[in-house]
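Everything below belongs to protein-v2.txt, which stores compact mmCIF, N, CA and C atoms.
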```txt
# COMPACT_ATOMS: atom_id res chain seq x y z
N MET K 1 -59.84 -54.18 22.11
CA MET K 1 -58.93 -55.03 22.83
C MET K 1 -57.71 -54.19 23.23
N LEU K 2 -57.30 -54.28 24.48
CA LEU K 2 -56.16 -53.53 24.99
C LEU K 2 -54.91 -54.41 24.98
N THR K 3 -53.78 -53.78 24.72
CA THR K 3 -52.51 -54.50 24.80
C THR K 3 -51.66 -53.86 25.88
N ALA K 4 -50.84 -54.66 26.47
CA ALA K 4 -49.97 -54.16 27.53
C ALA K 4 -48.77 -53.43 26.93
N CYS K 5 -48.32 -52.41 27.63
CA CYS K 5 -47.14 -51.67 27.19
C CYS K 5 -45.88 -52.41 27.65
N GLY K 6 -44.83 -52.24 26.94
CA GLY K 6 -43.56 -52.83 27.36
C GLY K 6 -43.08 -53.85 26.37
N GLU K 7 -41.96 -54.44 26.72
CA GLU K 7 -41.34 -55.42 25.84
C GLU K 7 -41.95 -56.78 26.06
N SER K 8 -41.87 -57.61 25.08
CA SER K 8 -42.43 -58.95 25.18
C SER K 8 -41.42 -59.97 25.70
N GLU K 9 -40.16 -59.55 25.85
CA GLU K 9 -39.13 -60.47 26.33
C GLU K 9 -39.31 -60.74 27.81
N ASP K 10 -38.90 -61.92 28.23
CA ASP K 10 -38.96 -62.27 29.64
C ASP K 10 -37.93 -61.46 30.42
N TYR K 11 -38.27 -61.09 31.64
CA TYR K 11 -37.38 -60.34 32.52
C TYR K 11 -36.51 -61.34 33.28
N ALA K 12 -35.22 -61.18 33.19
CA ALA K 12 -34.28 -62.05 33.92
C ALA K 12 -34.17 -61.54 35.34
N ASN K 13 -34.79 -62.22 36.24
CA ASN K 13 -34.79 -61.81 37.65
C ASN K 13 -33.60 -62.44 38.35
N GLU K 14 -32.43 -61.88 38.10
CA GLU K 14 -31.19 -62.39 38.68
C GLU K 14 -31.19 -62.11 40.18
N PRO K 15 -30.68 -63.05 40.99
CA PRO K 15 -30.61 -62.82 42.43
C PRO K 15 -29.68 -61.66 42.76
N ARG K 16 -30.03 -60.93 43.78
CA ARG K 16 -29.18 -59.84 44.27
C ARG K 16 -28.00 -60.44 45.02
N PRO K 17 -26.94 -59.63 45.17
CA PRO K 17 -25.83 -60.11 46.00
C PRO K 17 -26.27 -60.12 47.47
N PRO K 18 -25.48 -60.75 48.34
CA PRO K 18 -25.80 -60.73 49.76
C PRO K 18 -25.80 -59.29 50.29
N SER K 19 -26.51 -59.06 51.38
CA SER K 19 -26.48 -57.76 52.05
C SER K 19 -25.07 -57.49 52.56
N THR K 20 -24.71 -56.22 52.64
CA THR K 20 -23.40 -55.85 53.17
C THR K 20 -23.34 -56.16 54.66
N LEU K 21 -22.29 -56.84 55.06
CA LEU K 21 -22.08 -57.23 56.45
C LEU K 21 -21.20 -56.19 57.13
N GLY K 22 -21.59 -55.73 58.28
CA GLY K 22 -20.78 -54.78 59.06
C GLY K 22 -19.84 -55.52 59.99
N ILE K 23 -18.56 -55.18 59.92
CA ILE K 23 -17.54 -55.77 60.80
C ILE K 23 -16.93 -54.65 61.61
N SER K 24 -16.75 -54.89 62.90
CA SER K 24 -16.16 -53.90 63.80
C SER K 24 -14.71 -54.25 64.08
N GLY K 25 -13.86 -53.24 64.08
CA GLY K 25 -12.45 -53.43 64.40
C GLY K 25 -11.98 -52.38 65.39
N SER K 26 -11.04 -52.75 66.23
CA SER K 26 -10.46 -51.82 67.20
C SER K 26 -8.95 -52.00 67.22
N ILE K 27 -8.25 -50.88 67.12
CA ILE K 27 -6.80 -50.90 67.28
C ILE K 27 -6.53 -50.68 68.77
N LEU K 28 -6.01 -51.70 69.42
CA LEU K 28 -5.67 -51.64 70.84
C LEU K 28 -4.16 -51.53 70.96
N PRO K 29 -3.63 -51.17 72.12
CA PRO K 29 -2.17 -51.01 72.25
C PRO K 29 -1.35 -52.24 71.86
N ASP K 30 -1.92 -53.46 72.03
CA ASP K 30 -1.14 -54.67 71.75
C ASP K 30 -1.67 -55.51 70.59
N ARG K 31 -2.90 -55.23 70.10
CA ARG K 31 -3.46 -56.08 69.05
C ARG K 31 -4.56 -55.35 68.29
N LEU K 32 -4.87 -55.90 67.12
CA LEU K 32 -6.00 -55.44 66.32
C LEU K 32 -7.11 -56.46 66.52
N SER K 33 -8.25 -56.00 66.96
CA SER K 33 -9.38 -56.88 67.24
C SER K 33 -10.45 -56.70 66.16
N MET K 34 -11.00 -57.81 65.64
CA MET K 34 -12.07 -57.76 64.63
C MET K 34 -13.21 -58.67 65.09
N SER K 35 -14.44 -58.25 64.81
CA SER K 35 -15.60 -59.07 65.15
C SER K 35 -16.70 -58.84 64.13
N PRO K 36 -17.24 -59.90 63.55
CA PRO K 36 -16.84 -61.30 63.68
C PRO K 36 -15.57 -61.60 62.89
N LYS K 37 -14.92 -62.71 63.24
CA LYS K 37 -13.70 -63.12 62.54
C LYS K 37 -14.00 -64.15 61.46
N ARG K 38 -15.16 -64.79 61.54
CA ARG K 38 -15.58 -65.80 60.55
C ARG K 38 -16.94 -65.41 60.01
N PHE K 39 -17.07 -65.42 58.68
CA PHE K 39 -18.33 -65.06 58.04
C PHE K 39 -18.30 -65.54 56.60
N GLY K 40 -19.43 -65.45 55.91
CA GLY K 40 -19.53 -65.88 54.53
C GLY K 40 -19.06 -64.82 53.56
N ALA K 41 -18.73 -65.25 52.35
CA ALA K 41 -18.24 -64.36 51.30
C ALA K 41 -19.32 -63.38 50.87
N GLY K 42 -18.89 -62.21 50.41
CA GLY K 42 -19.78 -61.17 49.94
C GLY K 42 -19.28 -59.80 50.35
N PRO K 43 -20.09 -58.77 50.15
CA PRO K 43 -19.66 -57.41 50.48
C PRO K 43 -19.62 -57.19 52.00
N VAL K 44 -18.56 -56.51 52.44
CA VAL K 44 -18.41 -56.17 53.86
C VAL K 44 -17.95 -54.72 53.99
N THR K 45 -18.34 -54.10 55.10
CA THR K 45 -17.81 -52.79 55.47
C THR K 45 -17.18 -52.95 56.84
N ILE K 46 -15.88 -52.67 56.92
CA ILE K 46 -15.15 -52.78 58.18
C ILE K 46 -14.97 -51.39 58.74
N THR K 47 -15.48 -51.17 59.95
CA THR K 47 -15.32 -49.89 60.66
C THR K 47 -14.29 -50.12 61.75
N ILE K 48 -13.21 -49.33 61.69
CA ILE K 48 -12.08 -49.53 62.60
C ILE K 48 -11.90 -48.30 63.48
N ALA K 49 -11.88 -48.52 64.79
CA ALA K 49 -11.66 -47.44 65.76
C ALA K 49 -10.23 -47.53 66.28
N ASN K 50 -9.55 -46.40 66.34
CA ASN K 50 -8.19 -46.34 66.87
C ASN K 50 -8.25 -45.96 68.34
N LEU K 51 -8.00 -46.92 69.21
CA LEU K 51 -8.06 -46.69 70.65
C LEU K 51 -6.68 -46.51 71.27
N THR K 52 -5.70 -46.14 70.44
CA THR K 52 -4.35 -45.90 70.92
C THR K 52 -4.05 -44.40 70.89
N GLU K 53 -2.84 -44.05 71.28
CA GLU K 53 -2.44 -42.65 71.30
C GLU K 53 -1.62 -42.25 70.07
N GLN K 54 -1.46 -43.17 69.10
CA GLN K 54 -0.72 -42.88 67.88
C GLN K 54 -1.64 -42.99 66.67
N THR K 55 -1.25 -42.33 65.57
CA THR K 55 -1.97 -42.45 64.31
C THR K 55 -1.54 -43.73 63.62
N HIS K 56 -2.50 -44.48 63.05
CA HIS K 56 -2.22 -45.75 62.39
C HIS K 56 -3.00 -45.86 61.09
N LYS K 57 -2.55 -46.79 60.24
CA LYS K 57 -3.29 -47.25 59.07
C LYS K 57 -3.48 -48.74 59.22
N VAL K 58 -4.59 -49.25 58.69
CA VAL K 58 -4.86 -50.69 58.72
C VAL K 58 -4.94 -51.20 57.29
N THR K 59 -4.27 -52.33 57.03
CA THR K 59 -4.29 -52.96 55.72
C THR K 59 -4.95 -54.33 55.83
N VAL K 60 -5.90 -54.59 54.93
CA VAL K 60 -6.53 -55.91 54.83
C VAL K 60 -6.03 -56.51 53.52
N GLU K 61 -5.46 -57.73 53.63
CA GLU K 61 -4.94 -58.39 52.43
C GLU K 61 -5.14 -59.88 52.49
N THR K 62 -5.13 -60.49 51.31
CA THR K 62 -5.28 -61.93 51.16
C THR K 62 -4.07 -62.62 51.76
N ASP K 63 -4.31 -63.67 52.56
CA ASP K 63 -3.21 -64.52 53.01
C ASP K 63 -2.70 -65.28 51.80
N GLN K 64 -1.42 -65.39 51.66
CA GLN K 64 -0.84 -66.03 50.49
C GLN K 64 -0.79 -67.56 50.60
N LEU K 65 -0.85 -68.10 51.79
CA LEU K 65 -0.67 -69.53 51.97
C LEU K 65 -1.96 -70.30 51.74
N GLY K 66 -2.08 -70.98 50.62
CA GLY K 66 -3.19 -71.88 50.36
C GLY K 66 -4.56 -71.22 50.32
N SER K 67 -4.65 -69.97 49.97
CA SER K 67 -5.93 -69.28 49.96
C SER K 67 -6.57 -69.35 48.59
N GLU K 68 -7.90 -69.52 48.56
CA GLU K 68 -8.66 -69.48 47.32
C GLU K 68 -9.04 -68.04 46.97
N ALA K 69 -8.84 -67.12 47.89
CA ALA K 69 -9.28 -65.74 47.71
C ALA K 69 -8.47 -65.04 46.64
N SER K 70 -9.12 -64.10 45.97
CA SER K 70 -8.41 -63.30 44.98
C SER K 70 -7.49 -62.32 45.70
N GLY K 71 -6.46 -61.86 45.02
CA GLY K 71 -5.47 -60.97 45.64
C GLY K 71 -6.05 -59.62 46.00
N ILE K 72 -6.31 -59.41 47.25
CA ILE K 72 -6.87 -58.15 47.74
C ILE K 72 -5.85 -57.52 48.67
N ARG K 73 -5.66 -56.23 48.52
CA ARG K 73 -4.83 -55.45 49.45
C ARG K 73 -5.39 -54.05 49.44
N GLN K 74 -6.01 -53.68 50.57
CA GLN K 74 -6.62 -52.36 50.68
C GLN K 74 -6.25 -51.76 52.04
N THR K 75 -5.91 -50.46 52.04
CA THR K 75 -5.43 -49.78 53.24
C THR K 75 -6.32 -48.58 53.55
N THR K 76 -6.58 -48.36 54.84
CA THR K 76 -7.34 -47.20 55.27
C THR K 76 -6.49 -45.95 55.13
N SER K 77 -7.13 -44.81 55.22
CA SER K 77 -6.39 -43.56 55.39
C SER K 77 -5.86 -43.56 56.81
N SER K 78 -5.08 -42.55 57.17
CA SER K 78 -4.55 -42.46 58.53
C SER K 78 -5.70 -42.32 59.52
N ILE K 79 -5.64 -43.11 60.58
CA ILE K 79 -6.67 -43.06 61.62
C ILE K 79 -6.06 -42.40 62.84
N ASN K 80 -6.52 -41.21 63.16
CA ASN K 80 -6.01 -40.48 64.32
C ASN K 80 -6.46 -41.14 65.61
N PRO K 81 -5.77 -40.87 66.73
CA PRO K 81 -6.21 -41.40 68.02
C PRO K 81 -7.67 -41.03 68.29
N GLN K 82 -8.44 -42.00 68.74
CA GLN K 82 -9.87 -41.88 69.03
C GLN K 82 -10.71 -41.65 67.77
N GLY K 83 -10.12 -41.83 66.58
CA GLY K 83 -10.83 -41.67 65.32
C GLY K 83 -11.24 -43.01 64.74
N THR K 84 -11.99 -42.96 63.63
CA THR K 84 -12.41 -44.17 62.95
C THR K 84 -12.15 -44.06 61.44
N ALA K 85 -12.15 -45.20 60.79
CA ALA K 85 -12.03 -45.27 59.32
C ALA K 85 -12.84 -46.48 58.87
N LYS K 86 -13.22 -46.48 57.57
CA LYS K 86 -13.99 -47.59 57.01
C LYS K 86 -13.31 -48.13 55.76
N LEU K 87 -13.43 -49.43 55.58
CA LEU K 87 -13.00 -50.10 54.35
C LEU K 87 -14.21 -50.88 53.83
N THR K 88 -14.50 -50.75 52.56
CA THR K 88 -15.57 -51.51 51.94
C THR K 88 -14.93 -52.47 50.94
N LEU K 89 -15.18 -53.76 51.13
CA LEU K 89 -14.55 -54.80 50.32
C LEU K 89 -15.59 -55.83 49.88
N ASN K 90 -15.30 -56.53 48.82
CA ASN K 90 -16.09 -57.68 48.42
C ASN K 90 -15.18 -58.89 48.55
N LEU K 91 -15.32 -59.61 49.66
CA LEU K 91 -14.40 -60.70 49.98
C LEU K 91 -14.92 -62.03 49.46
N THR K 92 -14.02 -62.82 48.89
CA THR K 92 -14.33 -64.16 48.42
C THR K 92 -13.81 -65.17 49.44
N LYS K 93 -14.15 -66.43 49.24
CA LYS K 93 -13.74 -67.48 50.16
C LYS K 93 -12.22 -67.51 50.30
N GLY K 94 -11.76 -67.57 51.53
CA GLY K 94 -10.33 -67.64 51.79
C GLY K 94 -9.97 -67.04 53.12
N SER K 95 -8.68 -66.81 53.34
CA SER K 95 -8.17 -66.24 54.58
C SER K 95 -7.57 -64.87 54.30
N TYR K 96 -7.75 -63.96 55.25
CA TYR K 96 -7.26 -62.59 55.11
C TYR K 96 -6.57 -62.18 56.41
N THR K 97 -5.63 -61.25 56.27
CA THR K 97 -4.94 -60.68 57.42
C THR K 97 -5.23 -59.19 57.46
N ALA K 98 -5.58 -58.70 58.63
CA ALA K 98 -5.75 -57.26 58.85
C ALA K 98 -4.61 -56.84 59.78
N SER K 99 -3.76 -55.93 59.30
CA SER K 99 -2.59 -55.55 60.09
C SER K 99 -2.49 -54.04 60.23
N VAL K 100 -1.83 -53.63 61.31
CA VAL K 100 -1.63 -52.22 61.61
C VAL K 100 -0.26 -51.82 61.08
N SER K 101 -0.17 -50.59 60.55
CA SER K 101 1.03 -50.13 59.84
C SER K 101 2.31 -50.18 60.66
N GLU K 102 2.24 -49.87 61.92
CA GLU K 102 3.47 -49.85 62.73
C GLU K 102 3.13 -49.99 64.20
N GLY K 103 4.13 -50.16 65.02
CA GLY K 103 3.94 -50.20 66.47
C GLY K 103 3.93 -51.59 67.06
N GLY K 104 4.23 -52.63 66.26
CA GLY K 104 4.30 -53.98 66.81
C GLY K 104 2.96 -54.51 67.30
N ILE K 105 1.87 -54.07 66.70
CA ILE K 105 0.54 -54.50 67.12
C ILE K 105 0.19 -55.79 66.39
N GLN K 106 -0.28 -56.81 67.15
CA GLN K 106 -0.60 -58.11 66.59
C GLN K 106 -1.74 -57.99 65.58
N ALA K 107 -1.59 -58.63 64.42
CA ALA K 107 -2.59 -58.60 63.35
C ALA K 107 -3.80 -59.47 63.71
N ALA K 108 -4.90 -59.23 63.00
CA ALA K 108 -6.11 -60.05 63.14
C ALA K 108 -6.27 -60.91 61.89
N ARG K 109 -6.79 -62.10 62.06
CA ARG K 109 -7.04 -63.00 60.94
C ARG K 109 -8.55 -63.09 60.70
N LEU K 110 -8.93 -63.06 59.43
CA LEU K 110 -10.33 -63.21 59.04
C LEU K 110 -10.47 -64.46 58.19
N LYS K 111 -11.47 -65.28 58.46
CA LYS K 111 -11.74 -66.50 57.70
C LYS K 111 -13.08 -66.33 57.00
N VAL K 112 -13.07 -66.38 55.67
CA VAL K 112 -14.28 -66.17 54.87
C VAL K 112 -14.68 -67.50 54.23
N GLY K 113 -15.91 -67.91 54.50
CA GLY K 113 -16.43 -69.17 53.95
C GLY K 113 -17.17 -68.95 52.64
N GLY K 114 -18.04 -69.87 52.31
CA GLY K 114 -18.83 -69.78 51.08
C GLY K 114 -19.74 -68.55 51.08
N GLU K 115 -20.23 -68.20 49.90
CA GLU K 115 -21.01 -66.97 49.76
C GLU K 115 -22.28 -66.99 50.62
N ARG K 116 -22.57 -65.86 51.26
CA ARG K 116 -23.79 -65.70 52.05
C ARG K 116 -25.00 -65.72 51.12
N GLU K 117 -26.17 -65.92 51.69
CA GLU K 117 -27.41 -65.97 50.91
C GLU K 117 -27.70 -64.62 50.25
N SER K 118 -28.40 -64.69 49.14
CA SER K 118 -28.83 -63.50 48.41
C SER K 118 -29.76 -62.65 49.28
N SER K 119 -29.76 -61.35 49.04
CA SER K 119 -30.70 -60.46 49.74
C SER K 119 -31.95 -60.25 48.91
N GLN K 120 -32.23 -61.17 47.99
CA GLN K 120 -33.32 -61.06 47.03
C GLN K 120 -34.67 -60.79 47.69
N ASP K 121 -34.98 -61.48 48.77
CA ASP K 121 -36.30 -61.35 49.38
C ASP K 121 -36.31 -60.48 50.63
N GLU K 122 -35.29 -59.66 50.81
CA GLU K 122 -35.24 -58.74 51.95
C GLU K 122 -35.75 -57.38 51.53
N LEU K 123 -36.61 -56.81 52.34
CA LEU K 123 -37.16 -55.49 52.05
C LEU K 123 -36.12 -54.39 52.28
N LEU K 124 -36.30 -53.27 51.62
CA LEU K 124 -35.48 -52.07 51.79
C LEU K 124 -34.02 -52.29 51.44
N GLN K 125 -33.75 -53.16 50.47
CA GLN K 125 -32.40 -53.38 49.98
C GLN K 125 -32.26 -52.75 48.61
N PRO K 126 -31.09 -52.25 48.28
CA PRO K 126 -30.91 -51.64 46.95
C PRO K 126 -31.01 -52.65 45.83
```
What would the structure in this file look like if it were written as structure tokens?
Amino acid sequence: MLTACGESEDYANEPRPPSTLGISGSILPDRLSMSPKRFGAGPVTITIANLTEQTHKVTVETDQLGSEASGIRQTTSSINPQGTAKLTLNLTKGSYTASVSEGGIQAARLKVGGERESSQDELLQP
């Protein structure tokens, strides 16, 4: 009689987190543009292109007014003209502001809803 190798305990097949969502941002002379602006909670990577003639930094932080989101404040390194930078965040439900360090450029608002679906049944996910 053969016995199987391994432990006899049940394997806890916990759901994976949602797949990382890619968000695009552009620093324009008069405003910071983000797309999409509304999405579900979970991991995100924001890629920001500087389309101005000055070097800038972008900060993403939790809006303080009535937000359920945890206190997040993360800033990119300096983004040279025509350069890009990335921020990787795990955002929870709430409102966030993405602002440019200087130059009077209008900030972008991000609205994060409930958590996105698990990536449990998606192929080629970590």
note - atom CA of K:Thr97 and atom CA of K:Lys111 are separated by 9.0 Å
- Task: For K:Ile105, list every protein, DNA or RNA residue within 12 Å, evaluated using only C-alpha atoms, and leave out those in the same chain fewer than 4 positions away; present the list as a list in words.
- Result: Ser26, Ile27, Leu28, Pro29, Asp30, Arg31, Leu32, Ser33, Asn50, Thr52, Gln54, His56, Lys57, Val58, Ala98, Ser99, Val100 and Ser101 of chain K
Write out, as a short mmCIF file (atom, residue, chain, number, x, y, z; two decimals), in the frame of the given file, the residues just selected, with N, CA and C atoms.
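So the final result, stored in selection_28.cif, reads:
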```cif
data_model
loop_
_atom_site.label_atom_id
_atom_site.label_comp_id
_atom_site.auth_asym_id
_atom_site.auth_seq_id
_atom_site.Cartn_x
_atom_site.Cartn_y
_atom_site.Cartn_z
N SER K 26 -11.04 -52.75 66.23
CA SER K 26 -10.46 -51.82 67.20
C SER K 26 -8.95 -52.00 67.22
N ILE K 27 -8.25 -50.88 67.12
CA ILE K 27 -6.80 -50.90 67.28
C ILE K 27 -6.53 -50.68 68.77
N LEU K 28 -6.01 -51.70 69.42
CA LEU K 28 -5.67 -51.64 70.84
C LEU K 28 -4.16 -51.53 70.96
N PRO K 29 -3.63 -51.17 72.12
CA PRO K 29 -2.17 -51.01 72.25
C PRO K 29 -1.35 -52.24 71.86
N ASP K 30 -1.92 -53.46 72.03
CA ASP K 30 -1.14 -54.67 71.75
C ASP K 30 -1.67 -55.51 70.59
N ARG K 31 -2.90 -55.23 70.10
CA ARG K 31 -3.46 -56.08 69.05
C ARG K 31 -4.56 -55.35 68.29
N LEU K 32 -4.87 -55.90 67.12
CA LEU K 32 -6.00 -55.44 66.32
C LEU K 32 -7.11 -56.46 66.52
N SER K 33 -8.25 -56.00 66.96
CA SER K 33 -9.38 -56.88 67.24
C SER K 33 -10.45 -56.70 66.16
N ASN K 50 -9.55 -46.40 66.34
CA ASN K 50 -8.19 -46.34 66.87
C ASN K 50 -8.25 -45.96 68.34
N THR K 52 -5.70 -46.14 70.44
CA THR K 52 -4.35 -45.90 70.92
C THR K 52 -4.05 -44.40 70.89
N GLN K 54 -1.46 -43.17 69.10
CA GLN K 54 -0.72 -42.88 67.88
C GLN K 54 -1.64 -42.99 66.67
N HIS K 56 -2.50 -44.48 63.05
CA HIS K 56 -2.22 -45.75 62.39
C HIS K 56 -3.00 -45.86 61.09
N LYS K 57 -2.55 -46.79 60.24
CA LYS K 57 -3.29 -47.25 59.07
C LYS K 57 -3.48 -48.74 59.22
N VAL K 58 -4.59 -49.25 58.69
CA VAL K 58 -4.86 -50.69 58.72
C VAL K 58 -4.94 -51.20 57.29
N ALA K 98 -5.58 -58.70 58.63
CA ALA K 98 -5.75 -57.26 58.85
C ALA K 98 -4.61 -56.84 59.78
N SER K 99 -3.76 -55.93 59.30
CA SER K 99 -2.59 -55.55 60.09
C SER K 99 -2.49 -54.04 60.23
N VAL K 100 -1.83 -53.63 61.31
CA VAL K 100 -1.63 -52.22 61.61
C VAL K 100 -0.26 -51.82 61.08
N SER K 101 -0.17 -50.59 60.55
CA SER K 101 1.03 -50.13 59.84
C SER K 101 2.31 -50.18 60.66
#
```
Coordinates of box centre and edge lengths for stretch 38-50 of chain K, 4 Å on every side, axis-aligned, as lines of an AutoDock Vina configuration file:
```
center_x = -14.1
center_y = -55.9
center_z = 59.1
size_x = 19.9
size_y = 27.9
size_z = 26.4
```
- Pick out the residues sitting within 12 Å of stretch 81-91 of chain K, and hand them over as an NGL selection string; count only C-alpha atoms, and ignore anything fewer than 6 positions along from it in its own chain. :K and (17-29 or 38-62 or 68-75 or 98 or 110-116)
Exercise for the section: Would you please give, as a PyMOL selection string, all residues of stretch 38-93 of chain K that DSSP assigns to strand (DSSP E) based on the backbone? Expected result: chain K and resi 38-50+58-62+73-75+84-91
Correct to one decimal, the distance atom C of K:Asn13-atom N of K:Ser95 is 29.4 Å
Would you work out the distance separating atom C of K:Arg16 from atom N of K:Ala108, expressed in Å to one decimal?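 Those two atoms sit 29.3 Å apart.
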